[in-house]
file final-v1.tsv (TSV, C-alpha atoms and all ligand atoms)
chain	number	residue	atom	x	y	z
A	291	MET	CA	129.83	127.25	-107.22
A	292	ALA	CA	133.39	126.86	-108.52
A	293	PRO	CA	136.12	128.06	-106.13
A	294	GLY	CA	137.17	131.62	-106.82
A	295	PHE	CA	133.97	132.41	-108.70
A	296	ARG	CA	132.35	135.63	-107.47
A	297	LEU	CA	128.94	136.86	-108.35
A	298	PRO	CA	128.92	140.54	-109.26
A	299	GLY	CA	126.90	142.70	-106.85
A	300	PRO	CA	123.54	142.90	-108.63
A	301	ALA	CA	123.55	139.17	-109.43
A	302	ALA	CA	124.19	138.38	-105.75
A	303	THR	CA	121.19	140.51	-104.83
A	304	LEU	CA	119.06	138.70	-107.38
A	305	LEU	CA	120.20	135.37	-105.96
A	306	THR	CA	119.16	136.44	-102.45
A	307	LEU	CA	115.80	137.55	-103.77
A	308	ALA	CA	115.37	134.27	-105.61
A	309	LEU	CA	116.04	132.32	-102.39
A	310	GLY	CA	113.47	134.45	-100.58
A	311	VAL	CA	110.92	133.75	-103.27
A	312	GLN	CA	111.64	130.05	-103.05
A	313	THR	CA	110.81	129.98	-99.31
A	314	ALA	CA	107.52	131.75	-99.89
A	315	SER	CA	106.71	129.41	-102.74
A	316	ALA	CA	107.52	126.39	-100.55
A	317	GLN	CA	104.71	127.53	-98.22
A	318	THR	CA	102.36	127.93	-101.17
A	319	ASN	CA	103.39	124.50	-102.39
A	320	PHE	CA	102.60	122.93	-99.02
A	321	SER	CA	99.18	124.51	-98.85
A	322	ASN	CA	98.50	123.45	-102.46
A	323	TRP	CA	99.60	119.94	-101.61
A	324	LEU	CA	97.37	119.98	-98.53
A	325	ASP	CA	94.33	121.04	-100.59
A	326	GLY	CA	94.89	118.12	-102.95
A	327	PHE	CA	95.44	115.75	-100.04
A	328	ARG	CA	92.23	116.85	-98.28
A	329	ASP	CA	90.21	116.06	-101.41
A	330	ARG	CA	91.70	112.60	-101.58
A	331	ALA	CA	91.21	111.95	-97.84
A	332	MET	CA	87.55	112.98	-98.08
A	333	ARG	CA	87.03	110.69	-101.07
A	334	GLU	CA	88.49	107.92	-98.90
A	335	GLY	CA	85.93	108.59	-96.20
A	336	ILE	CA	87.77	110.75	-93.65
A	337	SER	CA	85.34	113.17	-92.01
A	338	GLU	CA	85.62	116.89	-92.60
A	339	THR	CA	85.68	117.47	-88.83
A	340	THR	CA	88.71	115.22	-88.39
A	341	LEU	CA	90.48	116.82	-91.35
A	342	SER	CA	89.92	120.35	-90.05
A	343	SER	CA	91.10	119.62	-86.54
A	344	ALA	CA	93.99	117.38	-87.65
A	345	PHE	CA	95.45	119.95	-90.02
A	346	ALA	CA	94.95	123.13	-88.00
A	347	GLY	CA	98.34	124.87	-88.07
A	348	VAL	CA	100.26	121.96	-89.62
A	349	GLU	CA	103.52	122.89	-91.30
A	350	PRO	CA	106.31	120.72	-92.69
A	351	ILE	CA	108.91	119.84	-90.02
A	352	GLU	CA	112.38	120.66	-91.36
A	353	ARG	CA	114.08	118.24	-88.97
A	354	ILE	CA	112.14	115.32	-90.44
A	355	ILE	CA	113.22	116.16	-93.98
A	356	GLU	CA	116.83	116.28	-92.74
A	357	LEU	CA	116.46	112.90	-91.01
A	358	ASP	CA	114.84	111.38	-94.10
A	359	ARG	CA	117.69	112.55	-96.34
A	360	LYS	CA	120.50	111.59	-93.96
A	361	GLN	CA	122.86	109.03	-95.48
A	362	PRO	CA	122.72	105.72	-93.63
A	363	GLU	CA	125.76	105.08	-91.47
A	364	GLY	CA	128.28	102.43	-92.44
A	365	ARG	CA	126.87	98.97	-92.08
A	366	MET	CA	127.44	97.31	-88.72
A	367	THR	CA	128.31	93.64	-88.56
A	368	PHE	CA	125.61	91.45	-87.06
A	369	VAL	CA	127.64	90.94	-83.87
A	370	GLU	CA	128.03	94.71	-83.42
A	371	TYR	CA	124.27	95.18	-83.97
A	372	ARG	CA	123.35	92.28	-81.67
A	373	ASP	CA	125.55	93.54	-78.86
A	374	ARG	CA	124.01	97.00	-79.15
A	375	VAL	CA	120.41	95.78	-79.28
A	376	ILE	CA	120.71	93.01	-76.69
A	377	SER	CA	122.63	94.82	-73.96
A	378	THR	CA	123.05	93.34	-70.49
A	379	HIS	CA	120.83	96.14	-69.21
A	380	ARG	CA	118.09	95.31	-71.71
A	381	ILE	CA	118.14	91.63	-70.71
A	382	LYS	CA	117.98	92.47	-67.00
A	383	ARG	CA	115.18	94.99	-67.45
A	384	GLY	CA	113.27	92.61	-69.72
A	385	ARG	CA	113.39	89.84	-67.12
A	386	GLU	CA	112.05	92.23	-64.47
A	387	LEU	CA	109.21	93.34	-66.74
A	388	LEU	CA	108.40	89.76	-67.74
A	389	ARG	CA	107.82	89.06	-64.04
A	390	LYS	CA	106.11	92.35	-63.27
A	391	HIS	CA	103.56	92.02	-66.09
A	392	ALA	CA	103.24	88.23	-65.92
A	393	ALA	CA	99.45	88.29	-65.57
A	394	ILE	CA	98.82	90.52	-68.61
A	395	LEU	CA	101.39	88.59	-70.64
A	396	ALA	CA	99.87	85.22	-69.69
A	397	GLU	CA	96.45	86.43	-70.82
A	398	THR	CA	97.98	87.76	-74.06
A	399	GLU	CA	99.73	84.44	-74.68
A	400	ARG	CA	96.55	82.48	-73.96
A	401	ARG	CA	94.51	84.59	-76.34
A	402	PHE	CA	96.94	84.95	-79.26
A	403	GLY	CA	99.35	82.05	-78.90
A	404	VAL	CA	102.54	84.10	-78.89
A	405	PRO	CA	105.01	83.48	-76.03
A	406	ALA	CA	105.37	86.23	-73.44
A	407	GLU	CA	109.14	86.46	-73.93
A	408	VAL	CA	108.72	87.08	-77.68
A	409	ILE	CA	106.31	89.93	-76.98
A	410	VAL	CA	108.62	91.44	-74.37
A	411	ALA	CA	111.66	91.08	-76.67
A	412	LEU	CA	109.86	92.94	-79.48
A	413	TRP	CA	108.67	95.56	-77.01
A	414	GLY	CA	112.24	95.98	-75.75
A	415	ILE	CA	113.76	96.35	-79.19
A	416	GLU	CA	111.01	98.54	-80.69
A	417	SER	CA	110.62	101.05	-77.89
A	418	SER	CA	113.03	100.11	-75.05
A	419	TYR	CA	110.03	98.64	-73.18
A	420	GLY	CA	107.89	101.69	-73.84
A	421	GLU	CA	110.46	104.30	-72.79
A	422	PHE	CA	110.75	105.50	-76.38
A	423	LYS	CA	107.35	106.10	-77.92
A	424	GLY	CA	108.48	108.78	-80.34
A	425	ARG	CA	108.39	112.54	-79.85
A	426	PHE	CA	106.92	113.72	-83.15
A	427	PRO	CA	103.23	114.46	-83.67
A	428	VAL	CA	102.28	111.73	-86.15
A	429	ILE	CA	100.01	113.82	-88.41
A	430	ASP	CA	102.67	116.51	-88.81
A	431	ALA	CA	105.42	113.95	-89.43
A	432	LEU	CA	103.48	112.03	-92.06
A	433	ALA	CA	102.23	115.22	-93.74
A	434	THR	CA	105.85	116.37	-93.98
A	435	LEU	CA	106.98	113.11	-95.57
A	436	ALA	CA	104.00	112.86	-97.93
A	437	TYR	CA	104.47	116.47	-99.05
A	438	ASP	CA	108.25	116.15	-99.36
A	439	GLY	CA	107.56	113.52	-101.97
A	440	ARG	CA	110.49	111.13	-101.81
A	441	ARG	CA	108.08	108.30	-100.98
A	442	GLU	CA	104.88	110.22	-101.51
A	443	GLU	CA	102.42	107.37	-102.08
A	444	LEU	CA	103.63	105.34	-99.08
A	445	PHE	CA	103.34	108.27	-96.67
A	446	THR	CA	100.09	109.53	-98.20
A	447	ARG	CA	98.53	106.14	-97.48
A	448	GLU	CA	99.97	106.14	-93.93
A	449	LEU	CA	98.61	109.65	-93.37
A	450	ILE	CA	95.13	108.55	-94.43
A	451	SER	CA	95.38	105.57	-92.04
A	452	ALA	CA	96.46	107.94	-89.25
A	453	LEU	CA	93.44	110.19	-89.90
A	454	ARG	CA	91.17	107.15	-89.84
A	455	ILE	CA	92.54	106.31	-86.36
A	456	LEU	CA	91.62	109.84	-85.19
A	457	ASP	CA	88.22	109.49	-86.88
A	458	GLN	CA	87.59	106.28	-84.94
A	459	GLY	CA	88.52	107.92	-81.65
A	460	ASP	CA	91.29	105.54	-80.53
A	461	VAL	CA	93.59	108.44	-79.63
A	462	ASP	CA	93.46	112.23	-79.62
A	463	ARG	CA	95.58	114.19	-82.03
A	464	GLY	CA	97.50	115.73	-79.11
A	465	ASN	CA	98.53	112.30	-77.79
A	466	MET	CA	99.32	110.70	-81.12
A	467	PHE	CA	103.12	110.61	-80.99
A	468	GLY	CA	105.56	108.57	-83.01
A	469	SER	CA	108.99	108.41	-84.55
A	470	TRP	CA	109.99	110.89	-87.27
A	471	ALA	CA	108.84	108.31	-89.83
A	472	GLY	CA	105.43	107.80	-88.19
A	473	ALA	CA	105.95	104.59	-86.17
A	474	MET	CA	103.62	104.98	-83.22
A	475	GLY	CA	103.58	104.17	-79.53
A	476	GLN	CA	105.14	101.36	-77.53
A	477	SER	CA	104.79	98.84	-80.37
A	478	GLN	CA	106.05	101.31	-83.00
A	479	PHE	CA	103.23	100.44	-85.40
A	480	MET	CA	102.86	102.39	-88.60
A	481	PRO	CA	99.27	103.67	-88.89
A	482	SER	CA	98.40	101.05	-91.55
A	483	THR	CA	99.62	98.28	-89.21
A	484	PHE	CA	97.59	99.80	-86.38
A	485	ALA	CA	94.52	99.87	-88.65
A	486	GLY	CA	94.93	96.21	-89.50
A	487	TYR	CA	96.08	94.68	-86.24
A	488	ALA	CA	95.77	96.85	-83.12
A	489	VAL	CA	93.31	95.50	-80.53
A	490	ASP	CA	91.46	96.90	-77.54
A	491	ALA	CA	92.54	94.19	-75.10
A	492	ASP	CA	91.56	96.05	-71.91
A	493	GLY	CA	88.06	96.69	-73.22
A	494	ASP	CA	87.86	100.45	-72.64
A	495	GLY	CA	86.70	101.05	-76.21
A	496	ARG	CA	90.02	102.43	-77.50
A	497	ARG	CA	92.98	100.72	-79.06
A	498	ASP	CA	95.73	102.44	-77.08
A	499	ILE	CA	99.30	101.43	-77.96
A	500	TRP	CA	100.67	104.50	-76.17
A	501	THR	CA	99.62	103.93	-72.55
A	502	SER	CA	97.71	100.65	-72.12
A	503	LEU	CA	99.96	97.61	-71.68
A	504	PRO	CA	97.19	95.08	-72.36
A	505	ASP	CA	96.56	96.90	-75.66
A	506	VAL	CA	100.30	97.15	-76.45
A	507	PHE	CA	100.93	93.44	-75.81
A	508	GLY	CA	97.65	92.33	-77.37
A	509	SER	CA	98.25	94.39	-80.51
A	510	MET	CA	101.77	93.04	-80.98
A	511	ALA	CA	100.65	89.44	-80.36
A	512	ASN	CA	97.62	89.81	-82.63
A	513	TYR	CA	99.84	91.11	-85.42
A	514	LEU	CA	102.30	88.21	-85.08
A	515	SER	CA	99.50	85.69	-84.84
A	516	ARG	CA	97.67	87.04	-87.89
A	517	ILE	CA	100.80	87.06	-90.05
A	518	GLY	CA	101.47	83.44	-89.23
A	519	TRP	CA	103.10	82.84	-85.83
A	520	ASP	CA	102.92	79.11	-85.13
A	521	ARG	CA	102.74	78.40	-81.40
A	522	ARG	CA	104.04	74.85	-81.88
A	523	TYR	CA	107.53	76.00	-82.81
A	524	ILE	CA	110.42	78.22	-81.73
A	525	TRP	CA	111.96	80.82	-84.07
A	526	GLY	CA	115.20	78.93	-84.63
A	527	ARG	CA	118.56	78.55	-82.89
A	528	GLU	CA	122.24	79.26	-83.30
A	529	VAL	CA	124.13	76.34	-84.83
A	530	GLY	CA	127.70	75.32	-85.49
A	531	ASN	CA	129.69	73.04	-87.80
A	532	VAL	CA	127.98	74.30	-90.96
A	533	ALA	CA	130.98	73.82	-93.29
A	534	GLY	CA	129.41	70.72	-94.89
A	535	VAL	CA	126.24	72.56	-95.98
A	536	PRO	CA	126.45	73.35	-99.71
A	537	ALA	CA	125.80	76.85	-101.03
A	538	SER	CA	122.55	75.60	-102.61
A	539	MET	CA	121.16	74.96	-99.08
A	540	ARG	CA	122.12	78.33	-97.57
A	541	GLY	CA	120.07	81.47	-97.26
A	542	LEU	CA	116.50	82.30	-96.28
A	543	ASP	CA	115.22	81.53	-99.77
A	544	GLN	CA	116.30	77.87	-99.37
A	545	LYS	CA	114.49	75.35	-97.18
A	546	ALA	CA	115.27	71.74	-96.35
A	547	PRO	CA	114.08	69.24	-93.73
A	548	LEU	CA	115.83	69.75	-90.39
A	549	GLY	CA	117.12	66.16	-90.57
A	550	ARG	CA	118.97	66.94	-93.80
A	551	PHE	CA	121.04	69.60	-92.01
A	552	ALA	CA	121.80	67.10	-89.24
A	553	GLU	CA	123.06	64.59	-91.85
A	554	LEU	CA	125.39	67.26	-93.22
A	555	GLY	CA	127.00	67.61	-89.81
A	556	VAL	CA	125.24	70.71	-88.41
A	557	ARG	CA	125.12	70.72	-84.60
A	558	ARG	CA	123.69	72.99	-81.93
A	559	ALA	CA	125.98	75.91	-81.06
A	560	ASP	CA	127.06	74.05	-77.88
A	561	GLY	CA	128.04	71.01	-79.95
A	562	GLY	CA	124.98	68.93	-79.07
A	563	PRO	CA	122.87	67.16	-81.71
A	564	LEU	CA	120.00	68.96	-83.45
A	565	PRO	CA	116.54	67.94	-82.24
A	566	TYR	CA	114.47	65.52	-84.31
A	567	ALA	CA	111.47	67.33	-85.71
A	568	ASP	CA	109.53	67.04	-88.93
A	569	ILE	CA	110.01	70.64	-89.96
A	570	ASP	CA	111.73	72.59	-92.73
A	571	ALA	CA	114.55	74.90	-91.77
A	572	SER	CA	116.72	77.50	-93.47
A	573	LEU	CA	120.36	78.13	-92.71
A	574	VAL	CA	121.19	81.81	-92.24
A	575	VAL	CA	124.86	82.68	-91.82
A	576	MET	CA	125.32	86.34	-90.99
A	577	ASP	CA	127.61	88.78	-92.80
A	578	GLU	CA	128.03	86.85	-96.02
A	579	GLY	CA	128.98	83.63	-94.34
A	580	LYS	CA	131.50	85.15	-91.90
A	581	GLY	CA	129.22	85.70	-88.88
A	582	PRO	CA	127.24	83.39	-86.56
A	583	ALA	CA	125.00	80.73	-88.15
A	584	TYR	CA	121.31	80.08	-87.37
A	585	LEU	CA	118.84	77.40	-88.41
A	586	VAL	CA	115.48	79.17	-88.58
A	587	TYR	CA	111.85	78.14	-88.97
A	588	GLY	CA	108.61	79.74	-90.09
A	589	ASN	CA	108.34	81.98	-87.03
A	590	TYR	CA	111.58	83.69	-88.05
A	591	ARG	CA	109.95	84.63	-91.36
A	592	VAL	CA	107.00	86.00	-89.37
A	593	ILE	CA	109.34	88.31	-87.43
A	594	MET	CA	110.85	89.39	-90.75
A	595	ARG	CA	107.41	90.41	-91.98
A	596	TRP	CA	107.34	92.77	-89.00
A	597	ASN	CA	110.71	94.18	-90.03
A	598	ARG	CA	112.51	92.94	-93.11
A	599	SER	CA	115.93	92.64	-91.54
A	600	SER	CA	117.66	89.40	-90.57
A	601	TYR	CA	119.64	91.37	-87.95
A	602	PHE	CA	116.34	92.46	-86.37
A	603	ALA	CA	114.63	89.06	-86.55
A	604	THR	CA	117.62	87.19	-85.12
A	605	SER	CA	118.02	89.70	-82.29
A	606	VAL	CA	114.34	89.42	-81.35
A	607	GLY	CA	114.73	85.63	-81.19
A	608	LEU	CA	117.95	85.77	-79.17
A	609	LEU	CA	116.60	88.36	-76.73
A	610	ALA	CA	113.43	86.29	-76.24
A	611	ASP	CA	115.59	83.24	-75.44
A	612	ALA	CA	117.71	85.26	-73.00
A	613	LEU	CA	114.57	86.56	-71.24
A	614	ALA	CA	113.03	83.09	-71.00
A	615	SER	CA	116.18	81.44	-69.67
A	616	GLY	CA	117.10	83.79	-66.89
A	617	GLY	CA	116.35	85.31	-63.60
A	701	CA	CA	91.97	99.82	-74.71

call {"tool": "encode", "arguments": {"input": "final-v1.tsv", "output": "structure tokens", "more": "lines below"}}
Ligand SMILES: [Ca+2]
result
Amino acid sequence: MAPGFRLPGPAATLLTLALGVQTASAQTNFSNWLDGFRDRAMREGISETTLSSAFAGVEPIERIIELDRKQPEGRMTFVEYRDRVISTHRIKRGRELLRKHAAILAETERRFGVPAEVIVALWGIESSYGEFKGRFPVIDALATLAYDGRREELFTRELISALRILDQGDVDRGNMFGSWAGAMGQSQFMPSTFAGYAVDADGDGRRDIWTSLPDVFGSMANYLSRIGWDRRYIWGREVGNVAGVPASMRGLDQKAPLGRFAELGVRRADGGPLPYADIDASLVVMDEGKGPAYLVYGNYRVIMRWNRSSYFATSVGLLADALASGG
């Protein structure tokens, strides 16, 4: 409303009434949406019993709509992000947990071929080693986002996957917690990722990424392994002296043999020579060429399939290295 503009009395009353009507109609809209959703979920094979118990008393959560609409904060540089995600405390705690859970992690590594420190690094970054599993009931959160409609199809599909998890008995509705956007448990899997990749590693008949560490580690390692983790290689490493690498050989969408980068003068970050290996690498220089530089391999792309952010993938790799090297 323009400054200084005043509604005359009766119009103001009408406006108030209109707002009241809108709230009531929002409730009608949600229950209409839910009717339509139930039909679709049943067509996709979700049982009526699961639907009835899952949706008893569900209402949209206002806080989630606020969070979904919040403008992203100003972009951090990679170094700012890295220092936040890989804190001294997180490295120390990760080393302790790597030792404490060595037996489970060794079994996970043997079975899925993903190094223990990579699993622990992902666990640390996704959920602070299981301390943050999310506080929102997943069905309510996903119903809110599917109904709200900004990304309706995405969240509708995730909601159906979440109901299928309840249908299969992996977790009870009352224990199915996640982030406001539906990422669940210690591995922060979306329901569709859970459906595709979670495993029951401890053999109790349930895939439990909330409370069972063998299941948490096994599910994360199975996911990485199935999307292409190659146990023969590392993720990549920080490098220096990249000035001689032409623009046509920079960026994740460019690959060249590792030896080619060595010929162009690229060295390890400590100044030592690059290793000799018959492998293609990509040169990633953070923050439009102004930040640290990394030569990365296929496993880096695997981490980026988990989360499509080079900040994330690089931090997972660096934290894994820090965990493996210390203590
Ligand atoms: Ca289990």

call {"tool": "axis_aligned_box", "arguments": {"input": "final-v1.tsv", "around": "region 507-521 of chain A", "padding_each_side": "3 Å", "output": "JSON"}}
result
{"center_x": 100.4, "center_y": 86.4, "center_z": -82.9, "size_x": 11.5, "size_y": 22.0, "size_z": 20.2}

call {"tool": "residues_near_ligand", "arguments": {"input": "final-v1.tsv", "ligand": "ligand CA 701 (chain A)", "cutoff": "8 Å", "atoms": "only C-alpha atoms and all ligand atoms", "output": "ChimeraX atom specification"}}
result
/A:489-498,502,504-505

call {"tool": "residues_around", "arguments": {"input": "final-v1.tsv", "residues": "Phe445 (chain A)", "least_positions_apart": "4", "cutoff": "9 Å", "atoms": "all atoms listed in the file", "output": "NGL selection string"}}
result
:A and (432-437 or 439 or 441 or 449-450 or 471-472)

call {"tool": "closest_residue", "arguments": {"input": "final-v1.tsv", "among": "A:Ala511, A:Ala473, A:Val606, A:Ile415", "to": "Ala488 (chain A)", "atoms": "all atoms listed in the file"}}
result
A:Ala511

call {"tool": "closest_atom_pairs", "arguments": {"input": "final-v1.tsv", "of": "region 561-589 of chain A", "to": "region 534-540 of chain A", "cutoff": "12 Å", "atoms": "only C-alpha atoms", "output": "CSV"}}
result
residue,atom,partner,partner_atom,distance
A:Asp570,CA,A:Met539,CA,11.6
A:Ala571,CA,A:Met539,CA,9.9
A:Ser572,CA,A:Arg540,CA,6.8
A:Leu573,CA,A:Arg540,CA,5.2
A:Val574,CA,A:Arg540,CA,6.4
A:Val575,CA,A:Arg540,CA,7.7
A:Met576,CA,A:Arg540,CA,10.8
A:Glu578,CA,A:Arg540,CA,10.5
A:Gly579,CA,A:Arg540,CA,9.3
A:Ala583,CA,A:Arg540,CA,10.1
A:Tyr584,CA,A:Arg540,CA,10.4
A:Leu585,CA,A:Arg540,CA,9.8
A:Val586,CA,A:Arg540,CA,11.2

call {"tool": "write_last_selection", "arguments": {"input": "final-v1.tsv", "atoms": "C-alpha atoms", "output": "tab-separated table (two decimals), keeping the file's coordinate frame"}}
result
chain	number	residue	atom	x	y	z
A	570	ASP	CA	111.73	72.59	-92.73
A	571	ALA	CA	114.55	74.90	-91.77
A	572	SER	CA	116.72	77.50	-93.47
A	573	LEU	CA	120.36	78.13	-92.71
A	574	VAL	CA	121.19	81.81	-92.24
A	575	VAL	CA	124.86	82.68	-91.82
A	576	MET	CA	125.32	86.34	-90.99
A	578	GLU	CA	128.03	86.85	-96.02
A	579	GLY	CA	128.98	83.63	-94.34
A	583	ALA	CA	125.00	80.73	-88.15
A	584	TYR	CA	121.31	80.08	-87.37
A	585	LEU	CA	118.84	77.40	-88.41
A	586	VAL	CA	115.48	79.17	-88.58

call {"tool": "atom_distance", "arguments": {"input": "final-v1.tsv", "atom1": "CA of Ile355 (chain A)", "atom2": "CA of Asp438 (chain A)"}}
result
7.3 Å

call {"tool": "residues_around", "arguments": {"input": "final-v1.tsv", "residues": "Leu341 (chain A)", "least_positions_apart": "5", "cutoff": "9 Å", "atoms": "only C-alpha atoms", "output": "PyMOL selection string"}}
result
chain A and resi 328+331-332+336+346+453+457

call {"tool": "residues_near_point", "arguments": {"input": "final-v1.tsv", "point": "(110.8, 82.9, -82.5)", "cutoff": "6 Å", "atoms": "only C-alpha atoms", "output": "VMD selection string"}}
result
chain A and resid 524 to 525 589 to 590 607

call {"tool": "closest_residue", "arguments": {"input": "final-v1.tsv", "among": "A:Glu553, A:Asp520, A:Asp577, A:Glu528", "to": "Gly403 (chain A)", "atoms": "all atoms listed in the file"}}
result
A:Asp520

call {"tool": "closest_residue", "arguments": {"input": "final-v1.tsv", "among": "A:His379, A:Trp519, A:Ile354, A:Ser321", "to": "Ile409 (chain A)", "atoms": "all atoms listed in the file"}}
result
A:Trp519

call {"tool": "residues_around", "arguments": {"input": "final-v1.tsv", "residues": "Pro565 (chain A)", "least_positions_apart": "4", "cutoff": "10 Å", "atoms": "only C-alpha atoms", "output": "number ranges by chain"}}
result
A: 548-549, 552, 557-558

call {"tool": "atom_distance", "arguments": {"input": "final-v1.tsv", "atom1": "CA of Phe467 (chain A)", "atom2": "CA of Pro427 (chain A)"}}
result
4.7 Å

call {"tool": "atom_distance", "arguments": {"input": "final-v1.tsv", "atom1": "CA of Ser451 (chain A)", "atom2": "CA of Tyr487 (chain A)"}}
result
12.4 Å

call {"tool": "closest_residue", "arguments": {"input": "final-v1.tsv", "among": "A:Val556, A:Leu456, A:Met474, A:Ile593", "to": "Gly518 (chain A)", "atoms": "all atoms listed in the file"}}
result
A:Ile593

call {"tool": "build_atoms", "arguments": {"input": "final-v1.tsv", "residues": "region 426-448 of chain A", "atoms": "N, CA and C atoms", "output": "CSV table (one decimal), in the frame of the given file"}}
result
chain,number,residue,atom,x,y,z
A,426,PHE,N,107.5,112.9,-82.1
A,426,PHE,CA,106.9,113.7,-83.2
A,426,PHE,C,105.4,113.5,-83.2
A,427,PRO,N,104.7,114.6,-83.4
A,427,PRO,CA,103.2,114.5,-83.7
A,427,PRO,C,103.1,113.7,-85.0
A,428,VAL,N,102.3,112.6,-85.0
A,428,VAL,CA,102.3,111.7,-86.2
A,428,VAL,C,101.7,112.4,-87.4
A,429,ILE,N,100.6,113.2,-87.2
A,429,ILE,CA,100.0,113.8,-88.4
A,429,ILE,C,101.0,114.8,-89.1
A,430,ASP,N,101.7,115.6,-88.3
A,430,ASP,CA,102.7,116.5,-88.8
A,430,ASP,C,103.8,115.8,-89.5
A,431,ALA,N,104.3,114.7,-88.9
A,431,ALA,CA,105.4,114.0,-89.4
A,431,ALA,C,105.0,113.3,-90.8
A,432,LEU,N,103.9,112.7,-90.8
A,432,LEU,CA,103.5,112.0,-92.1
A,432,LEU,C,103.1,113.0,-93.2
A,433,ALA,N,102.5,114.2,-92.7
A,433,ALA,CA,102.2,115.2,-93.7
A,433,ALA,C,103.5,115.7,-94.3
A,434,THR,N,104.6,115.9,-93.5
A,434,THR,CA,105.8,116.4,-94.0
A,434,THR,C,106.4,115.4,-95.0
A,435,LEU,N,106.4,114.1,-94.7
A,435,LEU,CA,107.0,113.1,-95.6
A,435,LEU,C,106.2,112.9,-96.8
A,436,ALA,N,104.8,113.0,-96.7
A,436,ALA,CA,104.0,112.9,-97.9
A,436,ALA,C,104.2,114.1,-98.8
A,437,TYR,N,104.3,115.2,-98.3
A,437,TYR,CA,104.5,116.5,-99.0
A,437,TYR,C,105.9,116.5,-99.7
A,438,ASP,N,106.9,116.1,-98.9
A,438,ASP,CA,108.2,116.2,-99.4
A,438,ASP,C,108.5,115.3,-100.6
A,439,GLY,N,107.7,114.2,-100.7
A,439,GLY,CA,107.6,113.5,-102.0
A,439,GLY,C,108.5,112.4,-102.3
A,440,ARG,N,109.5,112.2,-101.4
A,440,ARG,CA,110.5,111.1,-101.8
A,440,ARG,C,109.8,109.8,-101.9
A,441,ARG,N,108.9,109.5,-100.9
A,441,ARG,CA,108.1,108.3,-101.0
A,441,ARG,C,106.6,108.7,-100.8
A,442,GLU,N,106.2,109.5,-101.7
A,442,GLU,CA,104.9,110.2,-101.5
A,442,GLU,C,103.7,109.3,-101.3
A,443,GLU,N,103.6,108.2,-102.1
A,443,GLU,CA,102.4,107.4,-102.1
A,443,GLU,C,102.4,106.6,-100.8
A,444,LEU,N,103.5,106.1,-100.3
A,444,LEU,CA,103.6,105.3,-99.1
A,444,LEU,C,103.1,106.2,-97.9
A,445,PHE,N,103.7,107.4,-97.8
A,445,PHE,CA,103.3,108.3,-96.7
A,445,PHE,C,101.9,108.9,-96.8
A,446,THR,N,101.5,109.1,-98.0
A,446,THR,CA,100.1,109.5,-98.2
A,446,THR,C,99.1,108.5,-97.7
A,447,ARG,N,99.4,107.2,-98.0
A,447,ARG,CA,98.5,106.1,-97.5
A,447,ARG,C,98.6,106.0,-96.0
A,448,GLU,N,99.8,106.2,-95.4
A,448,GLU,CA,100.0,106.1,-93.9
A,448,GLU,C,99.2,107.3,-93.3
